[in-house]
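K.L.:
Take this structure first; my questions come after.
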Amino acid sequence: MLGLDGIEIGLIIVFAFLFAGIMSGFPVAFAIGGSAIIGFAVLAMFDSAGVLTHQVIDTGSDAYRDLRASGVSSFDISLFRYPDLPTSTAPLFEGGWERAVTRNISFIVNRMNERVIAGQSIETLLAVLMFVMMGIALERSGIASELLTTMSRVFGPLPGGLAVSVVAVGAFLAASTGIVGATVVTMGLLSLPTMLRHNYSPELASGVITASGTLGQIIPPSIVIVLLGTLAGDLYATAQEERARAAGCSDALTYLGEAAVVSVGTLFQAAIIPGIMLAVLYAAYAFGYALLNPEKAPPVPSLDIDRSDRVSGRHMVVWLVLVPAAVIAFAVASSSFQLSGSQDVSVSSIEEVTHESTLRTNVSDSCRESMIALHGREAWDLAVAGQHVLTKEEIEGVGAKLSTEEIEKRRQAKIENAAPIGTGVMVLLVMLALVLVLSRGMAKIDPRNYLPGIVGIGLALLVDAFLVPADSSSGKRFLYLALPVALILYSCRPAARVLAGNEVFRVLFPPLVLIVAVLGSILAGISNPTPAAAFGAAGAIFLAAYRKLEEKQKSGKIILTSAFCIVIMLLVGVNFDLRTGISDVGFENWVALLIALAAYHIAVGGLLYSCWVLYRYSVLSPVVRETAKVVSMVFTILIGSQLLNLVIISFGGEHYIQQFLRSFDREWVVFLIVMLVLFILGFVLDFLEIIYIVIPIVGPVIYGGTLDPKWVTIMIAVNLQTSFLTPPFGFALFYLRGVAPKEVTTRHIYRGVIPFVIIQVIGLGILWTAPSIVTIVPDWLAH
């Protein structure tokens, strides 16, 4: 038909209905599924009439057999790469459209079960619900307004200070909410009128707001990365298995030498530096623009805080920068020189395998050649040289139980090699020391108030190093450190009052602690994204309720007590064994368990009280309603996009696109084509449609090569962020246009955002030329 192959016609029809449905104004979540059904019905009609056919390679021809005999894998043979191969005509739907319907119904049921109802990825998808609730609760608590006011007072006196403060708040809200639309709208309502009132250029004001609002696309906990990560993990694992089989190997682990796994937590680690880099580039541009055009971004002294009771600038530099840096440097150096570290002296009673090879060498000839081509001859030779043939005694010993004497011998060796100071003790002392130091930098307190704390820190280090062996119980360590910690807390009490009275600290500290707790637990591998997101949602409810009580001038002691109980639970859980099913439960563990249970019930009571406070003041209902709307949209789009993908698969459209991409010899060319397509589609499709419709089609190609999956995923996220900023169709521009005052025209918004689009392209170029920016944090944390 029209000189086009039947599959090409099918793709045109399906995507034409898709874009028509989206542009019609009908809800996108339902337009996707509806366009899939209508498109399939039209294709079925054409197929029944015998109008649509397509050309397939004749696998029985001599030319095809000769090509296979020359060593070319069937995986790489396509009409795009070998257009002269003999072909035969086949119907669009193999076995007829009736068979495609039956197959699609069974597929859609299985897909829904795997990805929406009870599959492995559903637990990670639940993190979306929690992160959305966390973001909406923080937004409803008024944190954005307070952050903007406080940051304006801090940066306002600088050239372009208001613009820099918007970037700082945008990055902060991105780490709090991860919702682009909400961030752009909130900052547009709060900061745009203020910037215009202080004679800021409408172009700079609108540009910095839209750009900073899109940081939620990349800065964790980004919902985009959560959704991309759940999909990328499956695509990468499946694509690398296909790549291994095409190379003649049994599985991806054998071929790659490592498991083909990428998780959402790893992607969060990979996104940190790129997100910070973009925020720094935004702020640098705003500051540079203000220096070159001072009349368009003037300093705002009127927003500066009262310095009558402030300390000198030199004093602040010393105590807020130099001394905290020295404290942190000491902690890092102590770890590097084995002064502090793990004091785990537990020994497994089972003999472990101690001889492992870097690469599997017991493989077929074709797999060996493929592995040498991938890893290099030197790596292969090292793997062969590192082989160890286990003796009969070693084979029998693997997995066997160790004797009591052998266990004790290994335990004593661990005790002798353990660091003098435990990591937990060092972290606790550093945190308490920073409280003392920062309070000293914010106010001139009598130095004698700090003397007990300084003595306590030194005493705690000496006690843990010389009086508390590595094999000491948690109860014994607690008793020995009780007095030094009491001295430190005595000094921390007036220090905490100083910090609580400082406006910047009061506004930044609570949400900052929440963000660090959520992201820190994920990045450190302590928790998966879902429980960390649940913790973040609960923390956001606590914070929102406390802020609401503060507004009403009522006491928030119950919430503070509940938050303190959560800290107690964490400390007890880390330092004591709370299992009751083991044979020997010591007295101190029973005491710790009772304390943890009491703290748990108080914390749960505080959470219920916080919910009641938010409900009483009409905050909880909007939070739950907005969360339900966003999550329902996500899952409805997920279901509709799965239906659309199955329609494309049913007539071979997905295979056709993948063959076209694989026809290019250079992998980077393929990736550039995909990035360009995603950039263009970002004008008309939201990130949800792109993730669930386009990525499953192109993913097997871009995740099936040598490119690092972390780098690929972060590049896609930054690319989508760039697309959402680019005139004339960028979604972020329309979000701001909807809340901008009349004096800010669409022309102002378009002109203002262009420099930030250029910055985005520069950022993509930096990540392209230096992929280690993405991989350095995951690689460092992995070791």
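Each chain in the structure tokens gets a letter, A, B and so on, in the order shown; residues start at 1 in every chain, and ligands are counted from 1 in the order they appear.
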Fewer than 5 positions away in the same chain doesn't count, so skip those; otherwise give me all residues within 12 Å of region 311-328 of chain A, counting only C-alpha atoms, as number ranges by chain.
P.N.:
A: 306, 333-335, 426-427, 429-445, 457
K.L.:
Going by DSSP on the backbone, which residues of region 29-135 of chain A come out as strand (DSSP E)? List them as JSON, numbers by chain.
P.N.:
{"A": [53, 54, 55, 56, 57, 87, 88, 89, 90, 91]}
K.L.:
Write the selection just made, keeping N, CA and C atoms, as a compact mmCIF listing (two decimals), in the first residue's frame?
P.N.:
# COMPACT_ATOMS: atom_id res chain seq x y z
N THR A 53 0.39 -6.50 3.65
CA THR A 53 1.34 -7.61 3.72
C THR A 53 2.72 -7.03 3.96
N HIS A 54 3.67 -7.88 4.34
CA HIS A 54 5.03 -7.39 4.52
C HIS A 54 6.02 -8.44 4.06
N GLN A 55 7.23 -7.98 3.81
CA GLN A 55 8.28 -8.84 3.28
C GLN A 55 9.13 -9.39 4.42
N VAL A 56 9.35 -10.70 4.39
CA VAL A 56 10.21 -11.35 5.38
C VAL A 56 11.33 -12.08 4.66
N ILE A 57 12.45 -12.25 5.32
CA ILE A 57 13.61 -12.93 4.73
C ILE A 57 13.27 -14.41 4.55
N THR A 87 13.33 -12.66 -0.36
CA THR A 87 12.22 -12.44 0.58
C THR A 87 10.98 -13.19 0.11
N SER A 88 10.04 -13.29 1.02
CA SER A 88 8.73 -13.85 0.70
C SER A 88 7.68 -12.96 1.33
N THR A 89 6.46 -13.04 0.82
CA THR A 89 5.37 -12.20 1.31
C THR A 89 4.61 -12.93 2.40
N ALA A 90 4.32 -12.20 3.46
CA ALA A 90 3.60 -12.77 4.59
C ALA A 90 2.49 -11.81 5.01
N PRO A 91 1.40 -12.33 5.58
CA PRO A 91 0.33 -11.43 6.06
C PRO A 91 0.81 -10.61 7.25
K.L.:
Could you pull out the alpha helix (DSSP H) residues of region 573-777 of chain A from DSSP and send them as a PyMOL selection string?
P.N.:
chain A and resi 573-575+587-616+620-650+653-662+667-681+687-689+695-702+709-725+731-739+746-769+772-777
K.L.:
Let me see the file: selected residues, C-alpha atoms, as a compact mmCIF listing (two decimals), in the first residue's frame.
P.N.:
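Now in result25.txt:
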# COMPACT_ATOMS: atom_id res chain seq x y z
CA GLY A 573 17.91 -1.56 66.07
CA VAL A 574 21.44 -0.88 64.85
CA ASN A 575 23.22 -1.66 68.12
CA PHE A 587 19.14 -9.55 79.33
CA GLU A 588 20.38 -6.43 77.58
CA ASN A 589 18.69 -7.50 74.32
CA TRP A 590 15.38 -8.00 76.17
CA VAL A 591 15.71 -4.49 77.65
CA ALA A 592 16.53 -3.09 74.20
CA LEU A 593 13.53 -4.89 72.71
CA LEU A 594 11.17 -3.44 75.30
CA ILE A 595 12.58 0.05 74.70
CA ALA A 596 12.17 -0.37 70.94
CA LEU A 597 8.57 -1.59 71.34
CA ALA A 598 7.70 1.34 73.60
CA ALA A 599 9.29 3.79 71.15
CA TYR A 600 7.47 2.13 68.24
CA HIS A 601 4.03 2.50 69.83
CA ILE A 602 4.72 6.12 70.77
CA ALA A 603 5.88 6.84 67.20
CA VAL A 604 2.77 5.20 65.70
CA GLY A 605 0.60 7.19 68.09
CA GLY A 606 2.39 10.36 67.04
CA LEU A 607 1.82 9.53 63.37
CA LEU A 608 -1.92 9.01 63.98
CA TYR A 609 -2.01 12.27 65.93
CA SER A 610 -0.26 14.07 63.06
CA CYS A 611 -2.82 12.70 60.61
CA TRP A 612 -5.61 13.91 62.88
CA VAL A 613 -4.03 17.38 63.06
CA LEU A 614 -3.78 17.58 59.28
CA TYR A 615 -7.35 16.32 58.90
CA ARG A 616 -8.64 18.83 61.47
CA LEU A 620 -4.90 15.67 54.94
CA SER A 621 -7.87 15.36 52.58
CA PRO A 622 -6.26 17.41 49.75
CA VAL A 623 -2.98 15.52 50.19
CA VAL A 624 -4.69 12.13 49.92
CA ARG A 625 -6.87 13.33 47.02
CA GLU A 626 -3.94 14.72 45.01
CA THR A 627 -1.85 11.61 45.70
CA ALA A 628 -4.68 9.39 44.50
CA LYS A 629 -5.03 11.45 41.32
CA VAL A 630 -1.35 11.28 40.43
CA VAL A 631 -0.92 7.59 41.25
CA SER A 632 -4.15 6.64 39.46
CA MET A 633 -2.91 8.47 36.38
CA VAL A 634 0.44 6.68 36.53
CA PHE A 635 -1.09 3.21 36.78
CA THR A 636 -3.80 3.90 34.19
CA ILE A 637 -1.15 5.09 31.73
CA LEU A 638 0.88 1.98 32.60
CA ILE A 639 -2.08 -0.27 31.71
CA GLY A 640 -2.92 1.63 28.51
CA SER A 641 0.70 1.71 27.34
CA GLN A 642 1.05 -2.04 27.89
CA LEU A 643 -1.99 -2.54 25.66
CA LEU A 644 -0.48 -0.26 23.00
CA ASN A 645 2.85 -2.09 23.14
CA LEU A 646 1.13 -5.45 22.69
CA VAL A 647 -0.71 -4.15 19.63
CA ILE A 648 2.62 -3.03 18.11
CA ILE A 649 4.22 -6.37 18.98
CA SER A 650 1.29 -8.32 17.46
CA GLY A 653 6.28 -3.36 14.70
CA GLU A 654 8.57 -3.58 17.71
CA HIS A 655 10.85 -6.10 15.95
CA TYR A 656 10.88 -3.91 12.82
CA ILE A 657 12.06 -0.81 14.74
CA GLN A 658 14.69 -2.79 16.62
CA GLN A 659 16.05 -4.29 13.37
CA PHE A 660 16.31 -0.80 11.90
CA LEU A 661 18.31 0.44 14.89
CA ARG A 662 20.56 -2.63 14.91
CA GLU A 667 26.47 1.90 18.81
CA TRP A 668 26.79 5.60 19.57
CA VAL A 669 24.95 6.46 16.34
CA VAL A 670 22.03 4.30 17.44
CA PHE A 671 21.95 5.99 20.83
CA LEU A 672 22.07 9.46 19.23
CA ILE A 673 19.11 8.55 17.00
CA VAL A 674 17.13 7.33 20.02
CA MET A 675 17.99 10.47 22.00
CA LEU A 676 16.86 12.69 19.11
CA VAL A 677 13.58 10.78 18.79
CA LEU A 678 12.96 11.03 22.55
CA PHE A 679 13.75 14.75 22.47
CA ILE A 680 11.20 15.36 19.70
CA LEU A 681 8.56 13.14 21.32
CA PHE A 687 7.41 11.47 30.48
CA LEU A 688 4.97 8.74 31.50
CA GLU A 689 3.95 8.03 27.91
CA ILE A 695 11.38 2.93 25.98
CA PRO A 696 10.07 -0.69 25.83
CA ILE A 697 10.42 -0.55 22.03
CA VAL A 698 13.93 0.94 21.77
CA GLY A 699 15.17 -0.35 25.14
CA PRO A 700 16.26 -3.83 23.96
CA VAL A 701 18.66 -2.12 21.51
CA ILE A 702 20.18 0.64 23.64
CA PRO A 709 22.92 1.05 31.69
CA LYS A 710 23.27 3.66 34.46
CA TRP A 711 24.72 6.17 32.01
CA VAL A 712 22.06 5.37 29.40
CA THR A 713 19.22 5.89 31.90
CA ILE A 714 20.57 9.18 33.29
CA MET A 715 21.19 10.50 29.78
CA ILE A 716 17.57 9.70 28.88
CA ALA A 717 16.33 11.49 32.02
CA VAL A 718 18.42 14.62 31.31
CA ASN A 719 17.34 14.52 27.66
CA LEU A 720 13.66 14.46 28.64
CA GLN A 721 14.32 17.32 31.05
CA THR A 722 15.80 19.31 28.15
CA SER A 723 12.82 18.51 25.94
CA PHE A 724 10.35 19.68 28.58
CA LEU A 725 12.15 23.06 28.64
CA PHE A 731 5.56 21.25 29.29
CA ALA A 732 7.33 23.31 31.96
CA LEU A 733 6.70 26.46 29.91
CA PHE A 734 2.95 25.84 29.91
CA TYR A 735 2.98 25.16 33.66
CA LEU A 736 4.53 28.59 34.26
CA ARG A 737 2.35 30.31 31.66
CA GLY A 738 -0.70 29.14 33.59
CA VAL A 739 0.33 30.99 36.79
CA THR A 746 4.78 33.92 26.38
CA ARG A 747 7.57 35.64 24.45
CA HIS A 748 9.33 36.50 27.74
CA ILE A 749 9.08 32.87 28.87
CA TYR A 750 10.41 31.50 25.58
CA ARG A 751 13.32 33.95 25.42
CA GLY A 752 14.17 33.44 29.07
CA VAL A 753 14.36 29.66 28.89
CA ILE A 754 16.61 29.44 25.80
CA PRO A 755 19.90 30.00 27.76
CA PHE A 756 18.89 27.22 30.14
CA VAL A 757 18.15 24.90 27.22
CA ILE A 758 21.68 25.62 26.01
CA ILE A 759 22.96 24.82 29.51
CA GLN A 760 21.06 21.54 29.37
CA VAL A 761 22.69 20.70 26.02
CA ILE A 762 26.09 21.58 27.51
CA GLY A 763 25.29 19.32 30.46
CA LEU A 764 24.40 16.48 28.08
CA GLY A 765 27.67 17.08 26.25
CA ILE A 766 29.62 16.92 29.52
CA LEU A 767 27.94 13.65 30.47
CA TRP A 768 28.57 12.30 26.96
CA THR A 769 32.30 13.06 27.05
CA SER A 772 32.44 8.75 34.85
CA ILE A 773 30.40 11.66 36.25
CA VAL A 774 27.45 9.27 36.28
CA THR A 775 29.26 6.11 37.35
CA ILE A 776 31.70 7.42 39.97
CA VAL A 777 29.27 7.45 42.92
K.L.:
Which polymer residues have any atom within 9 Å of an atom of Ser152 (chain A), counting only C-alpha atoms, with same-chain residues fewer than 2 positions away left out, as a VMD selection string?
P.N.:
chain A and resid 147 to 150 154 to 157 161 to 166 300 303 to 304
K.L.:
Please write the residues from the selection above to a file, keeping all heavy atoms, as a tab-separated table (two decimals), in the first residue's frame.
P.N.:
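Generated file (again_2.tsv):
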chain	number	residue	atom	x	y	z
A	147	LEU	N	11.10	28.35	52.43
A	147	LEU	CA	12.42	28.18	51.81
A	147	LEU	C	12.76	29.36	50.91
A	147	LEU	O	13.87	29.88	50.94
A	147	LEU	CB	12.46	26.88	51.01
A	147	LEU	CG	12.64	25.59	51.81
A	147	LEU	CD1	12.48	24.38	50.89
A	147	LEU	CD2	14.00	25.55	52.47
A	148	LEU	N	11.80	29.78	50.09
A	148	LEU	CA	12.04	30.90	49.20
A	148	LEU	C	12.33	32.18	49.98
A	148	LEU	O	13.23	32.94	49.64
A	148	LEU	CB	10.84	31.09	48.27
A	148	LEU	CG	10.76	30.14	47.07
A	148	LEU	CD1	9.41	30.26	46.39
A	148	LEU	CD2	11.88	30.44	46.08
A	149	THR	N	11.56	32.41	51.03
A	149	THR	CA	11.77	33.61	51.85
A	149	THR	C	13.15	33.60	52.50
A	149	THR	O	13.89	34.58	52.47
A	149	THR	CB	10.68	33.73	52.92
A	149	THR	OG1	9.40	33.76	52.30
A	149	THR	CG2	10.88	34.98	53.75
A	150	THR	N	13.51	32.45	53.07
A	150	THR	CA	14.79	32.34	53.77
A	150	THR	C	15.96	32.44	52.80
A	150	THR	O	16.94	33.14	53.05
A	150	THR	CB	14.85	31.01	54.53
A	150	THR	OG1	13.73	30.93	55.41
A	150	THR	CG2	16.13	30.91	55.33
A	154	VAL	N	19.15	35.15	52.38
A	154	VAL	CA	20.56	34.74	52.39
A	154	VAL	C	21.28	35.24	51.13
A	154	VAL	O	22.35	35.83	51.20
A	154	VAL	CB	20.67	33.21	52.49
A	154	VAL	CG1	22.13	32.77	52.34
A	154	VAL	CG2	20.13	32.74	53.83
A	155	PHE	N	20.66	35.01	49.94
A	155	PHE	CA	21.33	35.34	48.69
A	155	PHE	C	20.92	36.69	48.12
A	155	PHE	O	21.55	37.18	47.17
A	155	PHE	CB	21.02	34.26	47.64
A	155	PHE	CG	21.58	32.91	47.96
A	155	PHE	CD1	20.75	31.88	48.38
A	155	PHE	CD2	22.94	32.66	47.87
A	155	PHE	CE1	21.25	30.63	48.67
A	155	PHE	CE2	23.45	31.42	48.16
A	155	PHE	CZ	22.61	30.39	48.56
A	156	GLY	N	19.85	37.31	48.66
A	156	GLY	CA	19.32	38.54	48.09
A	156	GLY	C	20.34	39.64	47.89
A	156	GLY	O	20.34	40.30	46.85
A	157	PRO	N	21.25	39.90	48.85
A	157	PRO	CA	22.20	41.00	48.68
A	157	PRO	C	23.21	40.77	47.55
A	157	PRO	O	23.91	41.70	47.17
A	157	PRO	CB	22.91	41.04	50.04
A	157	PRO	CG	21.95	40.42	50.99
A	157	PRO	CD	21.26	39.35	50.21
A	161	GLY	N	20.89	37.54	43.24
A	161	GLY	CA	20.69	36.68	44.42
A	161	GLY	C	19.34	36.01	44.45
A	161	GLY	O	19.23	34.85	44.87
A	162	LEU	N	18.30	36.72	44.02
A	162	LEU	CA	16.97	36.08	44.02
A	162	LEU	C	16.92	34.91	43.05
A	162	LEU	O	16.30	33.88	43.33
A	162	LEU	CB	15.90	37.11	43.65
A	162	LEU	CG	15.60	38.20	44.69
A	162	LEU	CD1	14.47	39.09	44.21
A	162	LEU	CD2	15.26	37.59	46.03
A	163	ALA	N	17.57	35.07	41.90
A	163	ALA	CA	17.62	33.97	40.92
A	163	ALA	C	18.39	32.78	41.48
A	163	ALA	O	17.99	31.63	41.32
A	163	ALA	CB	18.24	34.44	39.61
A	164	VAL	N	19.51	33.06	42.15
A	164	VAL	CA	20.28	31.98	42.76
A	164	VAL	C	19.46	31.28	43.83
A	164	VAL	O	19.50	30.05	43.97
A	164	VAL	CB	21.60	32.53	43.35
A	164	VAL	CG1	22.35	31.44	44.12
A	164	VAL	CG2	22.49	33.08	42.24
A	165	SER	N	18.68	32.06	44.60
A	165	SER	CA	17.86	31.44	45.65
A	165	SER	C	16.78	30.56	45.04
A	165	SER	O	16.44	29.51	45.60
A	165	SER	CB	17.22	32.53	46.52
A	165	SER	OG	16.28	33.29	45.78
A	166	VAL	N	16.23	30.95	43.89
A	166	VAL	CA	15.23	30.11	43.21
A	166	VAL	C	15.86	28.79	42.78
A	166	VAL	O	15.24	27.73	42.91
A	166	VAL	CB	14.64	30.86	42.00
A	166	VAL	CG1	13.83	29.91	41.12
A	166	VAL	CG2	13.75	32.00	42.47
A	300	VAL	N	19.23	42.80	46.34
A	300	VAL	CA	18.05	43.23	47.10
A	300	VAL	C	18.43	43.37	48.56
A	300	VAL	O	18.19	42.46	49.37
A	300	VAL	CB	16.89	42.23	46.92
A	300	VAL	CG1	15.61	42.79	47.55
A	300	VAL	CG2	16.67	41.92	45.45
A	303	LEU	N	15.98	42.65	51.56
A	303	LEU	CA	15.65	41.31	52.03
A	303	LEU	C	16.71	40.75	52.95
A	303	LEU	O	16.59	39.64	53.44
A	303	LEU	CB	15.48	40.36	50.83
A	303	LEU	CG	14.23	40.58	49.98
A	303	LEU	CD1	14.17	39.54	48.88
A	303	LEU	CD2	12.98	40.54	50.82
A	304	ASP	N	17.80	41.52	53.16
A	304	ASP	CA	18.87	41.01	54.00
A	304	ASP	C	18.40	40.95	55.45
A	304	ASP	O	17.61	41.79	55.90
A	304	ASP	CB	20.10	41.90	53.88
A	304	ASP	CG	21.33	41.25	54.50
A	304	ASP	OD1	21.26	40.04	54.79
A	304	ASP	OD2	22.34	41.95	54.64
K.L.:
With only C-alpha atoms as the counted atoms, please give the residues lying no more than 10 Å from region 132-139 of chain A, apart from itself and same-chain residues fewer than 4 positions off, as a ChimeraX atom specification.
P.N.:
/A:127-128,143-145,173-179,182-183,186,221-223,511,533-545,547,614,619-620,622-628,630-631
K.L.:
Can you tell me, as a list of chain:residue names, what residues are no more than 6 Å from region 210-212 of chain A when counting only C-alpha atoms, ignoring any on the same chain fewer than 4 positions away?
P.N.:
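Once the adjacent positions are removed, what remains is A:Val167, A:Gly170, A:Val184, A:Ala732.
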K.L.:
Take the residues from that selection and write them out as a PDB file, in the first residue's frame, keeping N, CA, C and O atoms.
P.N.:
ATOM      1  N   VAL A 167      17.104  28.831  42.278  1.00  0.00           N
ATOM      2  CA  VAL A 167      17.788  27.591  41.898  1.00  0.00           C
ATOM      3  C   VAL A 167      17.995  26.706  43.121  1.00  0.00           C
ATOM      4  O   VAL A 167      17.761  25.484  43.073  1.00  0.00           O
ATOM      5  N   GLY A 170      14.704  25.297  44.113  1.00  0.00           N
ATOM      6  CA  GLY A 170      14.286  24.314  43.115  1.00  0.00           C
ATOM      7  C   GLY A 170      14.977  22.984  43.313  1.00  0.00           C
ATOM      8  O   GLY A 170      14.342  21.923  43.233  1.00  0.00           O
ATOM      9  N   VAL A 184       7.258  23.781  39.538  1.00  0.00           N
ATOM     10  CA  VAL A 184       7.206  24.962  38.671  1.00  0.00           C
ATOM     11  C   VAL A 184       6.049  25.874  39.078  1.00  0.00           C
ATOM     12  O   VAL A 184       6.208  27.093  39.188  1.00  0.00           O
ATOM     13  N   ALA A 732       7.042  22.402  30.847  1.00  0.00           N
ATOM     14  CA  ALA A 732       7.329  23.311  31.959  1.00  0.00           C
ATOM     15  C   ALA A 732       6.946  24.743  31.612  1.00  0.00           C
ATOM     16  O   ALA A 732       6.540  25.517  32.484  1.00  0.00           O
TER      17      ALA A 732
END
K.L.:
Would you pick out the contacts of Leu291 (chain A) at 8 Å or less, using only C-alpha atoms, so that residues sharing its chain but fewer than 3 positions from it are not included, and give the list as a list in words?
P.N.:
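Everything that qualifies: Pro159, Gly160, Phe287, Gly288 and Pro294 of chain A.
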K.L.:
Give me the residues within 9 Å of Val425 (chain A) as a PyMOL selection string, counting only C-alpha atoms and dropping any in the same chain fewer than 5 places off.
P.N.:
chain A and resi 340+430+460-461+464
K.L.:
Which is closest to Ser346 (chain A) among A:Ser70, A:Ser472, A:Ser61, A:Thr238, if we use only C-alpha atoms?
P.N.:
A:Ser472
K.L.:
For CA of Leu253 (chain A) and CA of Gly265 (chain A), determine how far apart the two atoms are, in Å to one decimal place.
P.N.:
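We find that CA of Leu253 (chain A) and CA of Gly265 (chain A) lie 20.8 Å from each other.
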K.L.:
Hey, which of A:Gly501, A:Val264, A:Leu508, A:Glu8 ends up closest to Leu228 (chain A)? Count only C-alpha atoms.
P.N.:
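Answer, going by the shortest atom-to-atom distance: A:Val264.
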K.L.:
Figure out the distance between CA of Gly581 (chain A) and CA of Leu479 (chain A), please, to one decimal in Å.
P.N.:
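Computing it gives 25.9 Å between the two atoms.
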K.L.:
Suppose you want the space between CA of Gly216 (chain A) and CA of Gly730 (chain A); what is it in Å?
P.N.:
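Between these atoms lies a distance of 15.1 Å.
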